[in-house]
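S.K.: Pasting start_6.cif here (mmCIF, C-alpha atoms):
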```cif
data_coords
loop_
_atom_site.label_atom_id
_atom_site.label_comp_id
_atom_site.auth_asym_id
_atom_site.auth_seq_id
_atom_site.Cartn_x
_atom_site.Cartn_y
_atom_site.Cartn_z
CA MET G 13 64.63 -74.09 -24.98
CA SER G 14 63.84 -77.51 -26.37
CA SER G 15 60.64 -77.67 -24.34
CA LEU G 16 59.52 -74.30 -25.77
CA SER G 17 60.21 -75.55 -29.31
CA THR G 18 58.31 -78.72 -28.56
CA GLY G 19 55.36 -76.72 -27.26
CA LEU G 20 55.30 -74.46 -30.32
CA ARG G 21 55.52 -77.47 -32.61
CA HIS G 22 52.60 -79.02 -30.79
CA TRP G 23 50.39 -75.96 -31.22
CA ARG G 24 51.49 -75.57 -34.84
CA GLN G 25 50.47 -79.15 -35.52
CA ARG G 26 47.11 -78.64 -33.89
CA PHE G 27 46.58 -75.42 -35.88
CA ASN G 28 47.54 -77.16 -39.18
CA ALA G 29 45.19 -80.00 -38.30
CA LEU G 30 42.31 -77.54 -38.38
CA PHE G 31 42.91 -76.85 -42.04
CA GLN G 32 42.82 -79.80 -44.50
CA ASP G 33 42.50 -79.87 -48.23
CA HIS G 34 38.85 -80.28 -49.24
CA GLU G 35 37.26 -81.18 -52.56
CA ILE G 36 33.66 -80.27 -53.16
CA PHE G 37 31.75 -82.02 -55.93
CA VAL G 38 29.05 -80.00 -57.67
CA ARG G 39 26.60 -81.63 -60.13
CA THR G 40 24.66 -79.36 -62.49
CA HIS G 41 22.41 -80.69 -65.33
CA GLY G 42 24.16 -84.02 -65.33
CA HIS G 43 27.62 -82.51 -65.33
CA VAL G 44 29.86 -83.10 -62.36
CA ARG G 45 32.47 -80.61 -61.25
CA PHE G 46 34.57 -80.37 -58.17
CA LEU G 47 36.02 -77.44 -56.28
CA ARG G 48 39.23 -77.84 -54.34
CA VAL G 49 39.72 -75.75 -51.21
CA SER G 50 43.32 -76.03 -50.12
CA ALA G 51 44.53 -75.87 -46.56
CA VAL G 52 46.82 -72.96 -47.44
CA TRP G 53 43.90 -70.88 -48.71
CA GLN G 54 41.88 -71.69 -45.60
CA LYS G 55 44.79 -70.56 -43.40
CA ARG G 56 45.05 -67.27 -45.28
CA VAL G 57 41.33 -66.62 -44.92
CA ALA G 58 41.48 -67.44 -41.24
CA LEU G 59 44.49 -65.19 -40.73
CA ILE G 60 42.77 -62.32 -42.56
CA ALA G 61 39.60 -62.79 -40.46
CA GLY G 62 41.65 -62.94 -37.30
CA ALA G 63 43.51 -59.78 -38.26
CA VAL G 64 40.22 -57.98 -38.95
CA LEU G 65 38.79 -59.16 -35.64
CA LEU G 66 41.95 -58.08 -33.85
CA VAL G 67 41.80 -54.64 -35.45
CA TRP G 68 38.12 -54.28 -34.49
CA ALA G 69 38.82 -55.35 -30.92
CA GLY G 70 41.72 -52.91 -30.71
CA ALA G 71 39.57 -50.05 -32.01
CA THR G 72 36.77 -50.90 -29.60
CA LEU G 73 39.20 -51.08 -26.70
CA THR G 74 40.71 -47.73 -27.72
CA VAL G 75 37.28 -46.06 -27.79
CA PHE G 76 36.37 -47.55 -24.42
CA VAL G 77 39.62 -46.42 -22.85
CA ASN G 78 39.20 -42.96 -24.38
CA GLN G 79 35.70 -42.69 -22.93
CA ILE G 80 37.00 -43.64 -19.50
CA LEU G 81 39.81 -41.12 -19.75
CA THR G 82 37.60 -38.24 -21.02
CA ALA G 83 34.60 -38.85 -18.74
CA GLY G 84 36.10 -36.58 -16.08
CA GLU G 85 36.71 -33.82 -18.62
CA ARG G 86 33.15 -34.04 -19.92
CA ALA G 87 31.81 -33.91 -16.35
CA GLU G 88 33.91 -30.81 -15.67
CA VAL G 89 32.64 -29.15 -18.85
CA ALA G 90 29.05 -29.96 -17.88
CA ARG G 91 29.63 -28.55 -14.40
CA LYS G 92 31.05 -25.34 -15.84
CA GLU G 93 28.12 -25.01 -18.25
CA ALA G 94 25.66 -25.49 -15.37
CA ALA G 95 27.55 -22.92 -13.29
CA ALA G 96 27.49 -20.47 -16.19
CA ALA G 97 23.74 -20.99 -16.65
CA ALA G 98 23.17 -20.48 -12.92
CA SER G 99 25.26 -17.30 -12.99
CA GLU G 100 23.26 -15.98 -15.93
CA ALA G 101 20.04 -16.75 -14.06
CA ARG G 102 21.33 -14.94 -10.95
CA ILE G 103 22.38 -11.96 -13.05
CA ALA G 104 18.96 -11.84 -14.71
CA GLN G 105 17.27 -12.11 -11.31
CA TYR G 106 19.52 -9.41 -9.91
CA ARG G 107 18.70 -7.09 -12.81
CA ASP G 108 14.99 -7.73 -12.34
CA ARG G 109 15.32 -7.05 -8.61
CA VAL G 110 17.23 -3.82 -9.19
CA ALA G 111 14.59 -2.72 -11.70
CA GLU G 112 11.87 -3.58 -9.18
CA ILE G 113 13.61 -1.63 -6.41
CA ALA G 114 14.09 1.36 -8.70
CA ALA G 115 10.41 1.29 -9.66
CA ASP G 116 9.36 1.00 -6.00
CA LEU G 117 11.58 3.92 -5.03
CA ASP G 118 10.11 5.96 -7.87
CA GLU G 119 6.59 5.18 -6.62
CA ARG G 120 7.58 6.03 -3.06
CA GLN G 121 9.07 9.34 -4.12
CA ALA G 122 5.97 10.27 -6.11
CA GLN G 123 3.75 9.44 -3.12
CA LEU G 124 5.92 11.43 -0.71
CA GLU G 125 5.90 14.47 -2.98
CA ASP G 126 2.14 14.18 -3.43
CA TRP G 127 1.56 14.04 0.34
CA GLN G 128 3.82 17.02 0.97
CA GLU G 129 2.21 19.10 -1.77
CA THR G 130 -1.34 18.11 -0.76
CA TYR G 131 -1.07 18.65 2.99
CA PHE G 132 1.72 21.19 3.38
CA GLY G 133 2.15 23.00 0.06
CA ALA G 134 5.09 25.36 0.32
CA GLU G 135 5.22 25.05 4.11
CA PRO G 136 8.70 23.84 5.19
CA LEU G 137 8.97 20.56 7.04
CA PRO G 138 10.78 20.35 10.41
CA ALA G 139 14.49 19.69 10.01
CA ASP G 140 15.05 18.16 13.46
CA ALA G 141 12.93 15.01 13.16
CA LYS G 142 14.52 12.06 14.89
CA ALA G 143 15.61 9.01 12.94
CA ASP G 144 13.03 6.81 14.66
CA GLY G 145 10.19 9.02 13.49
CA SER G 146 9.47 10.85 16.77
CA ASP G 147 9.09 14.60 16.65
CA ALA G 148 11.09 17.23 18.45
CA ALA G 149 8.56 17.32 21.26
CA GLY G 150 9.44 13.74 22.08
CA LYS G 151 6.12 12.21 21.18
CA ASP G 152 6.48 8.66 19.95
CA ALA G 153 5.64 7.75 16.39
CA HIS G 154 5.84 4.63 14.34
CA PRO G 155 9.49 3.70 13.68
CA LEU G 156 10.66 3.98 10.12
CA LYS G 157 12.64 1.00 8.89
CA THR G 158 14.47 0.46 5.62
CA SER G 159 12.47 -2.12 3.69
CA ALA G 160 12.93 -1.79 -0.06
CA LEU G 161 16.51 -3.07 -0.45
CA ASP G 162 17.50 -6.72 -0.07
CA PRO G 163 20.76 -6.78 1.94
CA ARG G 164 21.93 -9.80 -0.05
CA LEU G 165 22.19 -7.81 -3.26
CA PRO G 166 25.66 -7.07 -4.70
CA PRO G 167 27.43 -3.78 -3.99
CA GLU G 168 26.17 -2.30 -7.28
CA ALA G 169 22.80 -1.73 -5.56
CA GLN G 170 24.25 0.55 -2.88
CA ALA G 171 23.28 3.64 -4.89
CA LEU G 172 19.67 2.55 -4.54
CA ALA G 173 20.21 2.05 -0.82
CA GLN G 174 21.40 5.63 -0.52
CA ILE G 175 18.32 6.89 -2.35
CA GLU G 176 16.13 4.86 -0.03
CA ALA G 177 17.94 6.23 3.03
CA ARG G 178 17.24 9.78 1.87
CA GLN G 179 13.60 8.90 1.33
CA GLU G 180 13.34 7.42 4.80
CA ALA G 181 14.83 10.60 6.26
CA PHE G 182 12.30 12.66 4.32
CA SER G 183 9.53 10.31 5.51
CA ALA G 184 10.63 10.90 9.11
CA ARG G 185 10.45 14.69 8.67
CA LEU G 186 7.05 14.44 7.00
CA LEU G 187 5.75 12.13 9.73
CA ALA G 188 7.02 14.50 12.42
CA ALA G 189 5.20 17.42 10.77
CA VAL G 190 2.00 15.38 10.45
CA ASN G 191 2.15 14.22 14.09
CA ALA G 192 2.74 17.79 15.28
CA ARG G 193 -0.32 19.06 13.42
CA ALA G 194 -2.46 16.11 14.52
CA SER G 195 -1.38 16.62 18.14
CA LYS G 196 -2.23 20.31 18.03
CA ALA G 197 -5.66 19.63 16.52
CA GLY G 198 -6.27 16.78 18.99
CA ASP G 199 -5.48 19.02 21.96
CA ALA G 200 -7.86 21.68 20.67
CA VAL G 201 -10.64 19.14 20.12
CA ALA G 202 -10.08 17.73 23.64
CA LYS G 203 -10.40 21.24 25.13
CA LEU G 204 -13.84 21.43 23.51
CA GLY G 205 -14.91 18.32 25.41
CA LEU G 206 -14.57 15.77 22.61
CA ASP G 207 -12.48 12.59 22.63
CA PRO G 208 -9.95 12.66 19.74
CA GLN G 209 -9.32 8.92 19.83
CA SER G 210 -13.01 8.01 19.60
CA LEU G 211 -13.46 10.48 16.73
CA VAL G 212 -10.63 8.87 14.75
CA LYS G 213 -11.83 5.37 15.58
CA LYS G 214 -15.37 6.14 14.46
CA ALA G 215 -14.15 7.75 11.24
CA SER G 216 -12.10 4.64 10.41
CA THR G 217 -15.17 2.38 10.58
CA GLY G 218 -16.68 3.84 7.42
CA GLN G 219 -14.26 2.24 4.95
CA GLY G 220 -14.56 -0.51 2.36
CA GLY G 221 -14.56 -1.40 -1.31
CA PRO G 222 -13.23 -4.21 -3.50
CA PHE G 223 -9.69 -5.46 -2.83
CA ILE G 224 -7.38 -4.37 -5.64
CA PRO G 225 -3.70 -5.22 -4.95
CA TRP G 226 -1.32 -2.32 -5.31
CA ARG G 227 0.90 -2.77 -8.35
CA GLY G 228 4.13 -0.97 -9.14
CA ARG G 229 5.08 0.28 -12.57
CA ILE G 230 6.73 -3.00 -13.53
CA GLY G 231 3.48 -4.84 -12.91
CA ARG G 232 4.40 -6.73 -9.74
CA ALA G 233 2.23 -6.68 -6.68
CA GLY G 234 3.93 -5.09 -3.71
CA ALA G 235 3.60 -2.53 -0.93
CA LEU G 236 5.14 0.82 -0.17
CA GLY G 237 6.60 -0.30 3.15
CA LYS G 238 6.00 0.16 6.89
CA SER G 239 7.07 3.81 6.90
CA PHE G 240 4.33 4.63 4.42
CA ALA G 241 1.77 2.73 6.46
CA ALA G 242 2.76 4.87 9.46
CA LEU G 243 2.46 8.02 7.36
CA GLU G 244 -0.91 6.98 5.98
CA GLY G 245 -2.26 6.40 9.48
CA ALA G 246 -0.88 9.70 10.77
CA LEU G 247 -2.30 11.62 7.80
CA PHE G 248 -5.71 10.05 8.35
CA ARG G 249 -5.67 10.99 12.05
CA MET G 250 -4.54 14.54 11.26
CA GLU G 251 -7.23 15.07 8.63
CA VAL G 252 -10.02 13.66 10.81
CA LEU G 253 -9.07 15.89 13.75
CA GLU G 254 -8.58 19.02 11.66
CA ARG G 255 -11.85 18.51 9.81
CA THR G 256 -13.63 17.90 13.12
CA LEU G 257 -12.14 21.10 14.50
CA VAL G 258 -13.30 23.05 11.44
CA ALA G 259 -16.76 21.47 11.70
CA ILE G 260 -17.21 22.47 15.35
CA PRO G 261 -19.78 25.31 15.50
CA SER G 262 -17.94 28.04 17.41
CA GLY G 263 -19.51 31.02 15.65
CA GLN G 264 -22.40 32.93 17.27
CA PRO G 265 -25.68 31.88 15.65
CA ALA G 266 -27.24 35.30 16.30
CA HIS G 267 -25.93 38.71 17.29
CA VAL G 268 -27.82 39.03 20.56
CA LEU G 269 -26.50 39.71 24.04
CA MET G 270 -28.79 37.61 26.20
CA LEU G 271 -29.20 33.88 26.85
CA SER G 272 -32.67 32.99 28.17
CA SER G 273 -32.24 29.26 28.70
CA SER G 274 -29.20 26.99 28.97
CA TYR G 275 -28.54 23.37 28.01
CA GLY G 276 -29.67 20.68 30.43
CA TYR G 277 -32.21 20.55 33.26
CA ARG G 278 -34.88 23.25 33.46
CA HIS G 279 -38.55 23.83 34.33
CA ASP G 280 -40.72 23.58 31.25
CA PRO G 281 -42.01 27.11 30.40
CA PHE G 282 -45.51 25.76 29.66
CA THR G 283 -46.08 23.11 32.35
CA GLY G 284 -43.46 23.93 34.97
CA ALA G 285 -42.45 20.25 35.09
CA SER G 286 -38.84 19.12 35.06
CA ALA G 287 -37.55 18.81 31.53
CA MET G 288 -34.40 18.36 29.50
CA HIS G 289 -33.43 21.29 27.30
CA ALA G 290 -31.27 20.04 24.39
CA GLY G 291 -29.90 23.44 23.33
CA LEU G 292 -29.50 27.14 24.08
CA ASP G 293 -32.19 29.82 23.74
CA PHE G 294 -31.23 33.28 22.44
CA PRO G 295 -34.04 35.87 22.71
CA GLY G 296 -34.22 38.73 20.23
CA PRO G 297 -36.45 40.81 18.00
CA LEU G 298 -38.58 39.10 15.38
CA GLY G 299 -36.65 38.79 12.12
CA THR G 300 -33.17 38.94 13.69
CA PRO G 301 -30.71 37.29 11.24
CA ILE G 302 -29.81 33.68 12.11
CA LEU G 303 -26.25 32.77 11.14
CA ALA G 304 -24.53 29.43 10.42
CA ALA G 305 -22.23 28.63 13.34
CA ALA G 306 -19.77 26.75 11.08
CA PRO G 307 -19.40 25.95 7.39
CA GLY G 308 -21.48 23.06 6.12
CA LYS G 309 -24.29 21.84 3.91
CA VAL G 310 -27.98 22.54 4.60
CA ALA G 311 -29.58 19.17 5.33
CA PHE G 312 -33.14 20.19 6.29
CA VAL G 313 -35.46 23.18 5.86
CA GLY G 314 -39.02 22.85 7.14
CA ARG G 315 -41.15 22.19 10.23
CA ARG G 316 -40.52 19.76 13.07
CA SER G 317 -42.90 18.96 15.91
CA GLY G 318 -42.27 21.27 18.89
CA TYR G 319 -39.53 23.17 17.01
CA GLY G 320 -41.68 25.01 14.49
CA ASN G 321 -39.69 26.20 11.47
CA VAL G 322 -36.26 24.57 11.47
CA VAL G 323 -32.99 24.72 9.50
CA GLU G 324 -30.43 21.96 10.01
CA VAL G 325 -26.84 22.23 8.77
CA ASP G 326 -24.56 19.22 8.39
CA HIS G 327 -20.95 20.22 9.14
CA GLY G 328 -19.41 16.79 8.52
CA GLN G 329 -17.60 14.51 10.97
CA GLY G 330 -20.97 13.65 12.52
CA ILE G 331 -21.65 17.26 13.65
CA MET G 332 -25.01 18.92 12.94
CA THR G 333 -26.52 22.22 14.14
CA ARG G 334 -30.26 22.91 14.45
CA TYR G 335 -31.84 26.37 14.38
CA ALA G 336 -35.51 26.39 15.50
CA HIS G 337 -38.62 28.59 16.04
CA LEU G 338 -37.75 30.56 12.88
CA SER G 339 -39.99 33.11 11.22
CA GLY G 340 -38.48 32.60 7.76
CA PHE G 341 -35.82 30.81 5.72
CA ASP G 342 -32.92 32.27 3.73
CA THR G 343 -31.46 29.04 2.40
CA ALA G 344 -32.49 25.74 0.82
CA VAL G 345 -31.66 22.07 1.23
CA GLY G 346 -28.35 21.20 -0.40
CA ALA G 347 -26.92 24.72 -0.21
CA ARG G 348 -23.33 25.17 0.95
CA VAL G 349 -23.06 27.80 3.66
CA GLY G 350 -20.07 29.45 5.30
CA ALA G 351 -19.56 30.36 8.94
CA GLY G 352 -21.51 33.55 9.74
CA GLN G 353 -23.71 33.31 6.63
CA GLN G 354 -27.38 34.20 7.17
CA ILE G 355 -29.60 31.13 6.79
CA ALA G 356 -32.89 32.19 8.48
CA ARG G 357 -34.72 34.78 10.57
CA MET G 358 -35.66 34.66 14.25
CA GLY G 359 -39.26 33.93 15.18
CA SER G 360 -41.63 32.22 17.61
CA THR G 361 -43.05 29.26 15.68
CA GLY G 362 -43.68 25.91 17.29
CA ARG G 363 -43.68 25.42 21.05
CA SER G 364 -42.40 28.90 21.95
CA THR G 365 -43.31 31.65 24.42
CA GLY G 366 -41.80 34.48 22.37
CA SER G 367 -39.35 35.45 19.65
CA HIS G 368 -36.07 33.61 20.19
CA LEU G 369 -33.63 31.13 18.59
CA HIS G 370 -33.37 27.59 19.88
CA PHE G 371 -29.86 26.42 18.93
CA GLU G 372 -28.74 22.79 19.16
CA VAL G 373 -25.49 20.98 18.40
CA ARG G 374 -25.72 17.24 17.76
CA LEU G 375 -22.79 14.84 17.54
CA ASN G 376 -23.67 11.62 15.72
CA GLY G 377 -27.33 12.35 16.42
CA VAL G 378 -26.90 13.01 20.15
CA ALA G 379 -27.43 16.51 21.54
CA VAL G 380 -24.39 18.01 23.30
CA ASN G 381 -23.93 21.28 25.15
CA PRO G 382 -23.29 24.03 22.56
CA ARG G 383 -21.85 26.40 25.17
CA ARG G 384 -18.42 24.72 25.19
CA PHE G 385 -18.12 25.33 21.46
CA LEU G 386 -19.43 28.91 21.46
CA GLU G 387 -17.17 29.85 24.38
CA ALA G 388 -13.97 28.29 22.97
CA LYS G 389 -10.84 30.07 24.14
CA ALA G 390 -8.54 32.07 21.92
CA ASP G 391 -5.89 29.35 21.64
CA VAL G 392 -8.47 26.84 20.41
CA LEU G 393 -9.90 29.34 17.95
CA GLU G 394 -6.40 30.04 16.66
CA VAL G 395 -5.78 26.35 15.99
CA LYS G 396 -9.21 26.11 14.38
CA ALA G 397 -8.50 29.07 12.09
CA ASP G 398 -5.23 27.45 11.05
CA ALA G 399 -6.99 24.13 10.43
CA ARG G 400 -9.74 25.87 8.44
CA GLN G 401 -7.13 27.42 6.18
CA ARG G 402 -5.38 24.08 5.65
CA VAL G 403 -8.60 22.12 5.07
CA GLY G 404 -9.81 24.79 2.66
CA ALA G 405 -6.57 24.63 0.69
CA LEU G 406 -6.78 20.83 0.63
CA ALA G 407 -10.36 20.95 -0.65
CA ARG G 408 -9.41 23.42 -3.39
CA ALA G 409 -6.45 21.26 -4.43
CA ARG G 410 -8.62 18.15 -4.65
CA ALA G 411 -11.29 20.01 -6.57
CA GLY G 412 -8.62 21.18 -9.04
CA THR G 413 -7.35 17.63 -9.45
CA ALA G 414 -10.87 16.35 -10.06
CA ALA G 415 -11.54 19.09 -12.63
CA ALA G 416 -8.30 18.27 -14.43
CA ARG G 417 -9.39 14.66 -14.79
#
```
Reformat the file's structure so that it appears as structure tokens.

M.R.:
Amino acid sequence: MSSLSTGLRHWRQRFNALFQDHEIFVRTHGHVRFLRVSAVWQKRVALIAGAVLLVWAGATLTVFVNQILTAGERAEVARKEAAAAASEARIAQYRDRVAEIAADLDERQAQLEDWQETYFGAEPLPADAKADGSDAAGKDAHPLKTSALDPRLPPEAQALAQIEARQEAFSARLLAAVNARASKAGDAVAKLGLDPQSLVKKASTGQGGPFIPWRGRIGRAGALGKSFAALEGALFRMEVLERTLVAIPSGQPAHVLMLSSSYGYRHDPFTGASAMHAGLDFPGPLGTPILAAAPGKVAFVGRRSGYGNVVEVDHGQGIMTRYAHLSGFDTAVGARVGAGQQIARMGSTGRSTGSHLHFEVRLNGVAVNPRRFLEAKADVLEVKADARQRVGALARARAGTAAAR
């Protein structure tokens, strides 16, 4: 206890030694004054300064400790704010995605309805189409896969998934109907000696134009999906084959009973030498009506070397018929003619031995045997009549749409 008192006395003495009475002399204009600064006053000032410093240090320490203690809370608040912002961004993205899906489905539905109305009208679609897009006859088609809905979307989008599923089912039925019609037309074309695949391939080569990305109603570039690509390809094949079938000249070009010369090898009637005959010759009285063998557009009226007076009719799909040795014309270039419509009169102009019709059929500029078209069987003619009715209805519908615009 005595040592503690001694220690305190020692420090008190050292502290008191720091503060001594001071007198400060000040001389102003010859007058001398002095200021006395006592040790007691110095101690008071020092104590006040120390107290202020202690208070400041305590406040600073308190703020520092408070910052350390609340740093975790501020970090948690910041984390929650970031999570909330991320959630809002996901919700906004989700809403945009749902709106995009809805717009895509709307576009898909409009396209499906347009295809059905354009190509089938009121004709019912088959109800037994398989889910993979193959028809009831078992012929393979392009598989239809759900593509519009992102499986990662929340359950609220399931209503859109159901709408899409119904559309895919309708797409499968439509594709089955298109494949059935295309198959029927392809079989009929094959029976007439033509290759359906080469016809479709050749027709697909004549395409082009500037690339303009498809855009949905919300302004985003996109696509209608694989099922629609399959439908588009099937519709193109069906239309090419049906139009080719309609363009095939199966009608008799003249009402005569005899055939004086067939297609192919023969002896030339003037020289007797071997020659190639590119058509059929139908003898008949001078002036016998010459009829268009299929609907088309008159492409040429005039004279050709060796043929005399000639009428050529373009039937589309690369098919052209030529009527030669005519005595007169009943049509003009650019005229639209129907099957069985009179276009000329029989004669003996050009390199001819008597009144007759020289009839040619040319496919992409190459002469083919017309007999296989003129002697088409009843089943082929039935399919052709059906295709003619469909193609005619399609042409009228497109003409109405163009007039409305």

S.K.: Which residues would end up in the selection if the PyMOL selection byres ((chain G and resi 263) around 7) were applied here, given that I need the answer as a list in words?

M.R.: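 That selection, the PyMOL selection byres ((chain G and resi 263) around 7), comes back as Pro261, Ser262, Gln264, Pro265, Ala305, Ala306, Ala351, Gly352 and Leu386 of chain G.
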
S.K.: Would you pick out the contacts of stretch 41-51 of chain G at 12 Å or less, using all atoms listed in the file, so that residues sharing its chain but fewer than 3 positions from it are not included, and give the list as an MDAnalysis selection string?

M.R.: chainID G and resid 27:38 54:58

S.K.: Do you have the atom CA of G:Arg255-atom CA of G:Val313 distance handy?

M.R.: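 Atom CA of G:Val313 lies 24.4 Å from atom CA of G:Arg255.
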
S.K.: Please indicate the distance in Å from atom CA of G:Asp398 to atom CA of G:Asp207, rounded to one decimal place.

M.R.: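 Between these atoms lies a distance of 20.2 Å.
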
S.K.: Could you check which of G:Ala114, G:Val268, G:Ala96, G:Ala311 is closest to G:Ala171, using only C-alpha atoms?

M.R.: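 That would be G:Ala114, the residue with the smallest distance to G:Ala171.
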
S.K.: Tell me which protein, DNA and RNA residues are within 8 Å of stretch 123-136 of chain G, counting only C-alpha atoms, leaving out same-chain ones fewer than 6 positions away, and put them as a list in words.

M.R.: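 Everything that qualifies: Ser183, Leu186, Arg402, Leu406 and Ala409 of chain G.
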
S.K.: Contacts of stretch 293-297 of chain G at 7 Å or less, counting only C-alpha atoms, minus same-chain residues fewer than 4 places along, as a list in words?

M.R.: Val268, Met270, Leu271, Ser272, Ser273, Ser274, Ser367, His368, Leu369, His370 and Phe371 of chain G

S.K.: Please measure the separation of atom CA of G:Ala246 and atom CA of G:Ala177, giving the value in Å to one decimal.

M.R.: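 A separation of 20.6 Å between them.
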
S.K.: Nearest to G:His289 among G:Ala242, G:Val380, G:Leu20, G:Val323, with distances taken over only C-alpha atoms: which residue is it?

M.R.: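 Nearest candidate to G:His289 out of G:Ala242, G:Val380, G:Leu20, G:Val323: G:Val380.
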
S.K.: At a cut-off of 8 Å around the point (-31.4, 32.0, 2.8) (file coordinates), what residues fall inside when counting all atoms listed in the file? I'd like the answer as a PyMOL selection string.

M.R.: chain G and resi 341-344+354-356

S.K.: So for stretch 241-250 of chain G, what box centre and size do we get, axis-aligned, 4 Å extra on each of the six sides, every listed atom, Å to one decimal, as JSON?

M.R.:
```
{"center_x": -1.5, "center_y": 8.6, "center_z": 9.0, "size_x": 16.5, "size_y": 19.8, "size_z": 14.1}
```

S.K.: Name the closest residue to G:Arg357 among the candidates G:Arg86, G:His279, G:Lys389, G:His267; distances are taken between atoms, counting all atoms listed in the file.

M.R.: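 Ranking G:Arg86, G:His279, G:Lys389, G:His267 by distance to G:Arg357, first place goes to G:His267.
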
S.K.: For G:Gln121, please output as a PDB file with C-alpha atoms, in the coordinates of the input all residues within 10 Å (counting all atoms listed in the file; exclusion window: fewer than 6 positions along the same chain).

M.R.:
```pdb
ATOM      1  CA  ALA G 115      10.410   1.290  -9.660  1.00  0.00           C
ATOM      2  CA  TRP G 127       1.560  14.040   0.340  1.00  0.00           C
ATOM      3  CA  ILE G 175      18.320   6.890  -2.350  1.00  0.00           C
ATOM      4  CA  GLU G 176      16.130   4.860  -0.030  1.00  0.00           C
ATOM      5  CA  GLN G 179      13.600   8.900   1.330  1.00  0.00           C
ATOM      6  CA  PHE G 182      12.300  12.660   4.320  1.00  0.00           C
ATOM      7  CA  SER G 183       9.530  10.310   5.510  1.00  0.00           C
TER       8      SER G 183
END
```

S.K.: With distances taken over all atoms listed in the file, which residue among G:Val252, G:Ala194, G:Val77, G:Ala101 lies nearest G:Ala215?

M.R.: G:Val252

S.K.: For stretch 126-137 of chain G, supply N, CA and C atoms and report the output as a PDB file, in the coordinates of the input.

M.R.:
```pdb
ATOM      1  N   ASP G 126       3.567  13.889  -3.372  1.00  0.00           N
ATOM      2  CA  ASP G 126       2.140  14.180  -3.430  1.00  0.00           C
ATOM      3  C   ASP G 126       1.599  14.521  -2.035  1.00  0.00           C
ATOM      4  N   TRP G 127       2.004  13.742  -1.019  1.00  0.00           N
ATOM      5  CA  TRP G 127       1.560  14.040   0.340  1.00  0.00           C
ATOM      6  C   TRP G 127       2.053  15.409   0.809  1.00  0.00           C
ATOM      7  N   GLN G 128       3.300  15.718   0.534  1.00  0.00           N
ATOM      8  CA  GLN G 128       3.820  17.020   0.970  1.00  0.00           C
ATOM      9  C   GLN G 128       3.083  18.159   0.287  1.00  0.00           C
ATOM     10  N   GLU G 129       2.883  18.032  -1.028  1.00  0.00           N
ATOM     11  CA  GLU G 129       2.210  19.100  -1.770  1.00  0.00           C
ATOM     12  C   GLU G 129       0.753  19.225  -1.330  1.00  0.00           C
ATOM     13  N   THR G 130       0.085  18.083  -1.100  1.00  0.00           N
ATOM     14  CA  THR G 130      -1.340  18.110  -0.760  1.00  0.00           C
ATOM     15  C   THR G 130      -1.583  18.685   0.630  1.00  0.00           C
ATOM     16  N   TYR G 131      -0.779  18.280   1.605  1.00  0.00           N
ATOM     17  CA  TYR G 131      -1.070  18.650   2.990  1.00  0.00           C
ATOM     18  C   TYR G 131      -0.244  19.825   3.520  1.00  0.00           C
ATOM     19  N   PHE G 132       0.869  20.128   2.852  1.00  0.00           N
ATOM     20  CA  PHE G 132       1.720  21.190   3.380  1.00  0.00           C
ATOM     21  C   PHE G 132       2.035  22.282   2.362  1.00  0.00           C
ATOM     22  N   GLY G 133       1.869  21.991   1.068  1.00  0.00           N
ATOM     23  CA  GLY G 133       2.150  23.000   0.060  1.00  0.00           C
ATOM     24  C   GLY G 133       3.587  23.478   0.143  1.00  0.00           C
ATOM     25  N   ALA G 134       3.745  24.786   0.235  1.00  0.00           N
ATOM     26  CA  ALA G 134       5.090  25.360   0.320  1.00  0.00           C
ATOM     27  C   ALA G 134       5.595  25.451   1.757  1.00  0.00           C
ATOM     28  N   GLU G 135       4.817  24.983   2.709  1.00  0.00           N
ATOM     29  CA  GLU G 135       5.220  25.050   4.110  1.00  0.00           C
ATOM     30  C   GLU G 135       6.431  24.148   4.357  1.00  0.00           C
ATOM     31  N   PRO G 136       7.498  24.668   4.962  1.00  0.00           N
ATOM     32  CA  PRO G 136       8.700  23.840   5.190  1.00  0.00           C
ATOM     33  C   PRO G 136       8.441  22.782   6.246  1.00  0.00           C
ATOM     34  N   LEU G 137       9.074  21.633   6.068  1.00  0.00           N
ATOM     35  CA  LEU G 137       8.970  20.560   7.040  1.00  0.00           C
ATOM     36  C   LEU G 137      10.017  20.754   8.135  1.00  0.00           C
TER      37      LEU G 137
END
```
